[in-house]
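K.L.:
For reference, this is query.txt, and it has compact mmCIF, C-alpha atoms and all ligand atoms.
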# COMPACT_ATOMS: atom_id res chain seq x y z
CA MET A 1 6.20 91.68 178.08
CA VAL A 2 8.78 90.47 175.59
CA LYS A 3 11.16 92.93 174.05
CA ILE A 4 13.72 92.68 171.29
CA GLN A 5 16.53 95.15 171.08
CA ASN A 6 19.28 95.11 168.50
CA LEU A 7 18.76 91.56 167.39
CA ARG A 8 21.23 90.32 164.79
CA VAL A 9 21.38 86.69 163.74
CA PHE A 10 23.99 85.37 161.33
CA ARG A 11 24.44 82.12 159.47
CA GLY A 12 28.13 82.08 158.73
CA LYS A 13 28.85 85.56 157.41
CA LYS A 14 25.31 86.12 156.18
CA GLN A 15 23.03 88.18 158.37
CA ILE A 16 19.58 86.62 158.32
CA LEU A 17 17.83 88.73 160.94
CA GLN A 18 18.16 92.36 161.89
CA ILE A 19 15.60 93.84 164.26
CA ASP A 20 16.32 97.05 166.11
CA LYS A 21 13.27 97.14 168.36
CA LEU A 22 10.13 95.09 168.73
CA GLU A 23 7.80 94.56 171.66
CA ALA A 24 4.75 92.51 172.51
CA VAL A 25 2.76 92.58 175.71
CA GLU A 26 0.69 89.97 177.51
CA GLY A 27 -2.66 89.27 175.90
CA GLU A 28 -1.61 90.29 172.40
CA ARG A 29 -2.25 88.17 169.34
CA ILE A 30 0.23 88.74 166.59
CA GLY A 31 0.11 87.43 163.06
CA LEU A 32 3.66 87.08 161.71
CA PHE A 33 4.14 86.64 158.00
CA GLY A 34 6.61 87.14 155.20
CA PRO A 35 8.10 85.33 152.20
CA ASN A 36 9.91 82.00 152.51
CA GLY A 37 13.33 82.50 154.00
CA SER A 38 12.50 85.95 155.42
CA GLY A 39 13.45 84.80 158.94
CA LYS A 40 10.12 84.01 160.63
CA SER A 41 11.26 80.72 162.17
CA THR A 42 14.53 82.30 163.24
CA LEU A 43 12.61 85.10 164.93
CA LEU A 44 10.39 82.61 166.76
CA ARG A 45 13.42 80.58 167.84
CA SER A 46 14.98 83.78 169.12
CA LEU A 47 11.84 84.60 171.09
CA ALA A 48 11.76 81.05 172.43
CA LEU A 49 15.32 81.64 173.64
CA ILE A 50 16.70 78.68 171.74
CA GLU A 51 18.60 80.67 169.13
CA PRO A 52 21.97 81.08 170.83
CA GLU A 53 22.99 84.07 168.74
CA SER A 54 20.07 86.13 169.97
CA SER A 55 20.53 85.56 173.66
CA ASP A 56 21.67 89.12 174.34
CA ALA A 57 18.85 90.77 172.45
CA VAL A 58 15.61 89.22 173.68
CA PHE A 59 14.28 90.25 177.07
CA TYR A 60 11.34 89.03 179.07
CA GLU A 61 9.79 90.93 181.88
CA SER A 62 9.06 88.64 184.81
CA LEU A 63 9.74 85.40 182.99
CA ASP A 64 9.92 82.57 185.46
CA SER A 65 9.22 78.86 185.39
CA SER A 66 5.53 79.42 186.02
CA TRP A 67 5.30 81.48 182.83
CA PRO A 68 6.96 79.15 180.37
CA ILE A 69 7.37 79.70 176.67
CA GLY A 70 5.61 77.37 174.25
CA TYR A 71 7.20 77.06 170.84
CA LEU A 72 5.62 74.89 168.21
CA MET A 73 8.01 74.05 165.39
CA GLN A 74 6.89 73.96 161.79
CA GLU A 75 7.40 70.19 161.58
CA PRO A 76 5.98 68.13 164.45
CA TYR A 77 8.83 66.49 166.30
CA PHE A 78 8.34 63.51 168.58
CA PHE A 79 10.56 61.71 171.01
CA ARG A 80 10.80 57.96 171.36
CA GLY A 81 7.83 56.42 173.15
CA SER A 82 4.06 56.52 172.87
CA VAL A 83 1.81 59.53 172.32
CA GLU A 84 1.07 59.49 176.04
CA GLU A 85 4.77 59.58 176.93
CA ASN A 86 5.30 62.42 174.48
CA LEU A 87 2.39 64.38 175.89
CA VAL A 88 3.55 64.23 179.49
CA LEU A 89 7.23 64.76 178.74
CA PRO A 90 7.13 68.58 179.12
CA LEU A 91 5.54 68.10 182.55
CA LYS A 92 8.11 65.49 183.60
CA LEU A 93 10.94 67.74 182.47
CA ARG A 94 9.49 70.48 184.65
CA LYS A 95 9.43 68.06 187.58
CA VAL A 96 5.66 68.21 187.96
CA SER A 97 4.51 65.58 190.47
CA ALA A 98 3.25 62.19 189.23
CA LYS A 99 -0.13 62.89 190.79
CA ILE A 100 -0.66 66.12 188.89
CA ILE A 101 0.64 64.58 185.66
CA LYS A 102 -1.94 61.83 185.99
CA LYS A 103 -4.70 64.33 186.64
CA LYS A 104 -3.67 66.51 183.73
CA LEU A 105 -3.44 63.55 181.38
CA ARG A 106 -6.91 62.40 182.36
CA GLU A 107 -8.28 65.90 181.86
CA PHE A 108 -6.68 66.23 178.41
CA THR A 109 -7.73 62.73 177.35
CA GLU A 110 -11.36 63.49 178.10
CA LYS A 111 -11.42 67.05 176.88
CA TYR A 112 -9.63 66.39 173.61
CA ASN A 113 -10.75 62.87 172.90
CA LEU A 114 -7.25 61.42 173.02
CA GLU A 115 -8.07 57.91 174.19
CA PRO A 116 -7.66 56.24 170.76
CA LEU A 117 -4.23 57.83 170.29
CA LEU A 118 -2.52 57.50 173.65
CA LYS A 119 -0.83 54.13 173.24
CA LYS A 120 0.17 54.65 169.63
CA ASN A 121 3.61 55.43 168.33
CA PRO A 122 3.50 59.08 167.18
CA GLN A 123 5.10 58.10 163.89
CA ALA A 124 2.02 55.98 163.15
CA LEU A 125 -0.34 58.96 163.41
CA SER A 126 -1.86 60.77 160.46
CA GLY A 127 -0.62 64.28 159.68
CA GLY A 128 -3.63 65.88 161.39
CA GLU A 129 -3.30 63.69 164.47
CA LYS A 130 0.38 64.58 164.71
CA GLN A 131 -0.49 68.28 164.61
CA LYS A 132 -3.12 67.76 167.28
CA VAL A 133 -0.73 65.94 169.64
CA ASN A 134 1.99 68.47 168.87
CA LEU A 135 -0.29 71.37 169.80
CA LEU A 136 -1.66 69.70 172.92
CA ARG A 137 1.83 68.79 174.09
CA THR A 138 2.62 72.49 173.97
CA LEU A 139 -0.58 73.54 175.74
CA ILE A 140 -0.32 70.92 178.49
CA TYR A 141 2.28 72.88 180.44
CA GLU A 142 0.29 76.09 180.09
CA PRO A 143 2.77 78.47 178.50
CA ARG A 144 1.90 82.10 178.74
CA TYR A 145 3.92 82.92 175.62
CA LEU A 146 2.81 80.83 172.70
CA PHE A 147 4.78 80.89 169.44
CA LEU A 148 3.26 78.80 166.68
CA ASP A 149 5.12 78.28 163.41
CA GLU A 150 2.61 77.43 160.66
CA PRO A 151 0.89 75.06 163.07
CA PHE A 152 -1.89 73.78 160.84
CA ASN A 153 -0.18 73.24 157.52
CA GLY A 154 -1.74 70.51 155.45
CA ILE A 155 -4.61 70.03 157.88
CA ASP A 156 -8.12 69.41 156.59
CA ALA A 157 -10.82 71.98 157.28
CA LEU A 158 -12.56 69.89 159.94
CA THR A 159 -9.40 69.14 161.93
CA LYS A 160 -8.35 72.77 161.59
CA LYS A 161 -11.68 73.86 163.03
CA GLU A 162 -11.21 71.49 165.96
CA LEU A 163 -7.64 72.66 166.62
CA ASN A 164 -8.69 76.29 166.30
CA LYS A 165 -11.28 75.67 168.99
CA TYR A 166 -8.65 74.19 171.37
CA LEU A 167 -6.42 77.14 170.78
CA GLU A 168 -9.18 79.71 171.19
CA ASN A 169 -10.28 78.08 174.47
CA TYR A 170 -6.73 78.00 175.69
CA LEU A 171 -6.19 81.69 174.98
CA ASN A 172 -9.51 82.65 176.52
CA GLN A 173 -8.75 80.81 179.77
CA ASP A 174 -6.19 83.45 180.65
CA LYS A 175 -6.28 86.79 178.90
CA ARG A 176 -2.60 87.38 179.62
CA ARG A 177 -1.54 84.67 177.19
CA LEU A 178 0.39 86.03 174.27
CA LEU A 179 0.22 84.47 170.83
CA ILE A 180 2.51 84.86 167.84
CA TYR A 181 1.12 82.92 164.93
CA VAL A 182 3.11 82.40 161.73
CA SER A 183 1.21 81.68 158.55
CA HIS A 184 1.21 82.26 154.80
CA ASP A 185 -2.57 82.17 154.79
CA LEU A 186 -4.42 85.48 155.05
CA LYS A 187 -7.56 83.91 156.49
CA GLU A 188 -5.57 82.27 159.29
CA LEU A 189 -3.64 85.46 159.94
CA LEU A 190 -6.88 87.41 160.26
CA THR A 191 -8.40 84.73 162.49
CA TRP A 192 -5.55 84.91 164.98
CA GLY A 193 -3.87 88.26 164.57
CA LYS A 194 -4.94 91.53 166.08
CA ARG A 195 -1.60 93.01 165.19
CA PHE A 196 0.60 92.11 162.24
CA TRP A 197 4.32 91.89 161.81
CA TYR A 198 5.58 91.74 158.24
CA LEU A 199 9.06 90.30 157.96
CA LYS A 200 11.06 90.56 154.77
CA GLU A 201 14.73 89.82 154.19
CA GLY A 202 15.28 89.57 157.92
CA GLU A 203 13.72 92.93 158.78
CA ILE A 204 10.35 93.99 160.15
CA LYS A 205 8.83 96.01 157.34
CA PHE A 206 5.72 96.93 159.29
CA ASP A 207 4.03 96.44 162.63
CA LEU A 208 0.34 97.34 162.24
CA ASP A 209 -2.84 96.79 164.18
CA LYS A 210 -5.72 95.05 162.44
CA GLU A 211 -7.51 98.22 161.45
CA GLU A 212 -4.39 99.67 159.81
CA PHE A 213 -3.55 96.33 158.22
CA LEU A 214 -6.98 96.05 156.60
CA LYS A 215 -6.67 99.54 155.19
CA ILE A 216 -3.61 98.68 153.09
CA ASN A 217 -4.44 99.32 149.47
CA TYR A 218 -2.90 96.23 147.90
CA GLN A 219 -3.60 97.38 144.35
CA THR A 220 -0.96 100.06 144.60
CA LEU A 221 1.69 97.83 146.17
CA GLU A 222 4.94 97.04 144.42
CA ASP A 223 5.76 94.26 146.86
CA ASN A 224 4.51 91.16 145.06
CA TYR A 225 4.39 88.88 148.11
CA LEU A 226 2.26 91.34 150.02
CA LYS A 227 0.11 92.15 147.00
CA LEU A 228 -0.68 88.49 146.33
CA LEU A 229 -1.36 87.78 149.99
CA LEU A 230 -3.73 90.70 150.38
CA GLU A 231 -5.48 90.09 147.05
CA GLU A 232 -6.88 86.89 148.53
N1 LIG B 1 21.25 76.25 159.24
C1 LIG B 1 21.24 77.21 158.34
N2 LIG B 1 22.34 77.48 157.58
C2 LIG B 1 22.34 78.46 156.68
N3 LIG B 1 21.29 79.25 156.42
C3 LIG B 1 20.16 79.02 157.13
C4 LIG B 1 20.08 78.01 158.12
N4 LIG B 1 18.85 78.03 158.66
C5 LIG B 1 18.19 79.03 158.03
N5 LIG B 1 18.99 79.61 157.11
C6 LIG B 1 18.60 80.74 156.25
O1 LIG B 1 18.09 81.76 157.06
C7 LIG B 1 17.05 82.45 156.41
C8 LIG B 1 15.83 82.51 157.31
O2 LIG B 1 15.31 81.19 157.51
P1 LIG B 1 13.95 80.94 158.30
O3 LIG B 1 13.75 79.47 158.37
O4 LIG B 1 13.97 81.70 159.57
O5 LIG B 1 12.89 81.60 157.30
P2 LIG B 1 11.29 81.50 157.30
O6 LIG B 1 10.80 82.89 157.07
O7 LIG B 1 10.81 80.82 158.51
O8 LIG B 1 11.01 80.63 156.00
P3 LIG B 1 9.76 79.68 155.58
O9 LIG B 1 8.59 80.57 155.30
O10 LIG B 1 10.27 79.02 154.34
O11 LIG B 1 9.52 78.71 156.70
C9 LIG B 1 16.83 81.72 155.09
O12 LIG B 1 17.47 82.44 154.07
C10 LIG B 1 17.49 80.38 155.30
O13 LIG B 1 18.00 79.88 154.07
Write out the structure in this file as structure tokens.

P.N.:
Amino acid sequence: MVKIQNLRVFRGKKQILQIDKLEAVEGERIGLFGPNGSGKSTLLRSLALIEPESSDAVFYESLDSSWPIGYLMQEPYFFRGSVEENLVLPLKLRKVSAKIIKKKLREFTEKYNLEPLLKKNPQALSGGEKQKVNLLRTLIYEPRYLFLDEPFNGIDALTKKELNKYLENYLNQDKRRLLIYVSHDLKELLTWGKRFWYLKEGEIKFDLDKEEFLKINYQTLEDNYLKLLLEE
């Protein structure tokens, strides 16, 4: 379980996130959405424990190195070296043995058809290929908590379908895996979310399950972001 209590994040004097209480348990799939600048990335960084200001407000039950956190940033980021080196880096950093790294790399290469990409410089990949490598680099160390920040932006429908399949398989392999998926796209949110967190101006405005979320009568809403999103 991951729990937030009294989370406050500031940039200078401006408070950009204020969450009193929020919880998610293993196996949940949460769609997180809200207008630009509402604090979604900051919330994910807090959950990924890389937002220093939030270190006293985010708690994990039983988090240990065998249950790592996987955080996929909005913009794919690569380190120096080939695609292959980038892919295995999370394993190397976790001191996984060379034998297992080799095995894992072979498994991923076959399963996800990576052979043509492995020796390339990540900067020379297309946008869709970058997203694919970025996602697989996160999945390779088998995080139980998976936080994806608009992972498939600008991806064509075919590549998106392929990446969705990888992700679905990954989640189905272990029902305890928890997903928080940030998107501005209602279709994507409904594909991945079974529960929905709406963030606005740094605050969670609602936390609804799918049934409740689908019952929202958007025609009567005064919130234009929500109205436009749900009108889709
Ligand atoms: N380094 C920074 N310095 C000052 N303000 C920042 C900084 N980083 C983020 N902010 C502000 O914090 C707020 C939340 O940003 P955040 O990136 O978390 O929003 P978001 O909901 O993920 O937005 P988007 O949908 O555009 O990706 C925004 O108002 C942003 O301008």

K.L.:
For ligand LIG 1 (chain B), list the contacting residues at 9 Å or closer, counting all atoms listed in the file, as number ranges by chain.

P.N.:
A: 9-12, 14-17, 33-45, 74, 149-150, 182-184, 199-202

K.L.:
Report the centre and edge lengths, in Å to one decimal, of an axis-aligned box enclosing every atom of stretch 54-61 of chain A listed in the file, padded by 5 Å on each side, as JSON.

P.N.:
{"center_x": 15.7, "center_y": 88.2, "center_z": 175.9, "size_x": 21.9, "size_y": 15.4, "size_z": 21.9}

K.L.:
Select, from A:Phe78, A:Tyr60, A:Gly127, A:Ser46, the residue with the minimum atom-to-atom distance to A:Val25, counting all atoms listed in the file.

P.N.:
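Between A:Phe78, A:Tyr60, A:Gly127, A:Ser46, the residue approaching A:Val25 most closely is A:Tyr60.
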
K.L.:
Could you state the separation of atom CA of A:Thr220 and atom CA of A:Glu23 in Å, given to one decimal place?

P.N.:
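So the answer is 29.0 Å.
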
K.L.:
Residues near A:Glu26, anyone? I mean within 9 Å using all atoms listed in the file, not counting same-chain ones fewer than 5 positions away, as a PyMOL selection string.

P.N.:
chain A and resi 1-2+144-145+175-179

K.L.:
May I ask for the distance between atom CA of A:Leu32 and atom CA of A:Lys210, given in Å to one decimal place?

P.N.:
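So the answer is 12.3 Å.
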
K.L.:
Which residues are near stretch 115-121 of chain A? Cut-off 6 Å, only C-alpha atoms, ignore same chain within fewer than 4 positions. Put them as a VMD selection string.

P.N.:
chain A and resid 82 to 84 109

K.L.:
Could you list, as a PyMOL selection string, every residue within 12 Å of A:Lys92, counting only C-alpha atoms and ignoring same-chain residues fewer than 6 positions away?

P.N.:
chain A and resi 84-86+98-102+104-105+137+140-141

K.L.:
Separation of atom CA of A:Asn134 and atom CA of A:Leu230, in Å?

P.N.:
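One can read the atom CA of A:Asn134 to atom CA of A:Leu230 distance as 29.5 Å.
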
K.L.:
Could you list, as a list of chain:residue names, every residue within 9 Å of A:Lys3, counting all atoms listed in the file and ignoring same-chain residues fewer than 3 positions away?

P.N.:
A:Lys21, A:Leu22, A:Glu23, A:Ala24, A:Val25, A:Leu47, A:Ala57, A:Val58, A:Phe59, A:Tyr60, A:Glu61

K.L.:
Would you put the residues from that selection into a file with C-alpha atoms, as an mmCIF file, keeping the file's coordinate frame?

P.N.:
data_model
loop_
_atom_site.group_PDB
_atom_site.id
_atom_site.type_symbol
_atom_site.label_atom_id
_atom_site.label_comp_id
_atom_site.auth_asym_id
_atom_site.auth_seq_id
_atom_site.Cartn_x
_atom_site.Cartn_y
_atom_site.Cartn_z
ATOM 1 C CA LYS A 21 13.270 97.140 168.360
ATOM 2 C CA LEU A 22 10.130 95.090 168.730
ATOM 3 C CA GLU A 23 7.800 94.560 171.660
ATOM 4 C CA ALA A 24 4.750 92.510 172.510
ATOM 5 C CA VAL A 25 2.760 92.580 175.710
ATOM 6 C CA LEU A 47 11.840 84.600 171.090
ATOM 7 C CA ALA A 57 18.850 90.770 172.450
ATOM 8 C CA VAL A 58 15.610 89.220 173.680
ATOM 9 C CA PHE A 59 14.280 90.250 177.070
ATOM 10 C CA TYR A 60 11.340 89.030 179.070
ATOM 11 C CA GLU A 61 9.790 90.930 181.880
#

K.L.:
Choose the residue, out of A:Ser126, A:Asn113, A:Ser55, A:Asn153, that has the smallest atom-to-atom separation from A:Glu75; count only C-alpha atoms.

P.N.:
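Of A:Ser126, A:Asn113, A:Ser55, A:Asn153, the one nearest A:Glu75 is A:Asn153, counting only C-alpha atoms.
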
K.L.:
Would you list the residues near (22.1, 89.9, 170.6), meaning any protein, DNA or RNA residue with an atom at most 7 Å from that point in file coordinates, counting only C-alpha atoms, as a PDB file with C-alpha atoms, keeping the file's coordinate frame?

P.N.:
ATOM      1  CA  ASN A   6      19.280  95.110 168.500  1.00  0.00           C
ATOM      2  CA  LEU A   7      18.760  91.560 167.390  1.00  0.00           C
ATOM      3  CA  ARG A   8      21.230  90.320 164.790  1.00  0.00           C
ATOM      4  CA  GLU A  53      22.990  84.070 168.740  1.00  0.00           C
ATOM      5  CA  SER A  54      20.070  86.130 169.970  1.00  0.00           C
ATOM      6  CA  SER A  55      20.530  85.560 173.660  1.00  0.00           C
ATOM      7  CA  ASP A  56      21.670  89.120 174.340  1.00  0.00           C
ATOM      8  CA  ALA A  57      18.850  90.770 172.450  1.00  0.00           C
TER       9      ALA A  57
END

K.L.:
Can you pull out the residues contacting A:Ala157? Cut-off 12 Å, using only C-alpha atoms, and skip same-chain residues under 5 positions away; I want them as a PyMOL selection string.

P.N.:
chain A and resi 128+152+162-164+188
